[in-house]
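Single-structure report; data block below.
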Amino acid sequence: MQVISSHFRDVKLLRPMKHVDNRGFFSEAYSRRAYAANGIHTEFVQDNHSLSRKKGVVRGLHFQRPPFAQAKLVRVLRGAIFDVVVDIRSGSPTYGSHIATVLSAEDWNQIFIPAGFAHGFCTLQCETEILYKVDAYYSPDHEAGIRWNDPALNIAWPIAEHEAELSDKDRNLPLMCELGADFAYEPTALDAAGEAATGAGSPRPD
């Protein structure tokens, strides 16, 4: 499995091996052992599957508050998405910054997002299907989010605001400046050498 480093040390871009022949393909889309070997020791408890009929559907930016905070492993089964991860850990040197990458069924890539980050995406193709694993069950009392087009986040979404297809709930999410301190940044030696050195920004690892 190919592991691509990102601007956030604990957010990992992944590409499992895909064996292709005249019949089709085979892939170990998830192997607990392989992921643990790459630093992902998360025990997932639920799979979520979503279909977006149109190009330009925006979902997010979502997270769940503790004690039901979720880590996610996201992949695309059909179509493609512009995927965004925002650091919402209070005290983090990269607080409020983000990464954006393209996930697609064709590229067979995935992204692992730990708790302490908000996540959202915009579909790049019609009939796009997403499958993602989470390590905590859905809790309606703890779901939260940030408005997708918050100007403070400076996200270069691939769609004009008036063209985006959103739920009413997502359209009315709060701005980043209105969030509480739900997640605390816990620095390590690796963070000091990595994330703190990069500073805030919005690199696109794709």
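We name chains A, B, ... following the order of the structure tokens; residues begin at 1 in each chain, and ligands are numbered from 1 as shown.
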Just want the 6 Å neighbourhood of segment 54-61 of chain A, counted on only C-alpha atoms, with same-chain residues fewer than 3 positions away dropped. Output as number ranges by chain. A: 118-126, 145-146, 148, 164-166
Strand (DSSP E) call set, DSSP backbone run, segment 46-183 of chain A, as a VMD selection string: chain A and resid 46 to 52 58 to 64 72 to 78 80 to 87 89 to 90 98 to 104 110 to 113 117 to 123 128 to 134 143 to 145 183
In terms of the shortest atom-to-atom distance over only C-alpha atoms, which of A:Val102, A:Ile159, A:Ala181, A:Ala71 is closest to Ile40 of chain A? A:Ala71
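Proximity to Glu161 of chain A was assessed for A:Asn38, A:Gln110, A:Asn149, A:Ser31 counting only C-alpha atoms; the smallest distance is recorded for A:Asn149.
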Extract, using only C-alpha atoms, all DNA, RNA and protein residues at most 10 Å from Ala156 of chain A, discarding same-chain residues fewer than 5 positions from it, and format them as an MDAnalysis selection string. chainID A and resid 82 84 100 149 202
Export, as a compact mmCIF listing (two decimals), in the first residue's frame, the selected residues with C-alpha atoms.
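And here's result-v5.txt as it stands now:
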```txt
# COMPACT_ATOMS: atom_id res chain seq x y z
CA PHE A 82 -12.85 17.09 -4.03
CA VAL A 84 -11.32 18.67 2.34
CA ALA A 100 -7.67 19.34 -0.17
CA ASN A 149 -17.80 28.38 2.34
CA SER A 202 -3.81 24.95 2.31
```
Between A:Ile88, A:Ala144, A:Val74, A:Ile99, smallest distance to Ser6 of chain A by only C-alpha atoms belongs to A:Ile99
Check the smallest atom-to-atom distance from each of A:Ala160, A:Tyr95, A:Trp108, A:Arg53 to Cys177 of chain A using only C-alpha atoms, then report the winner. A:Tyr95
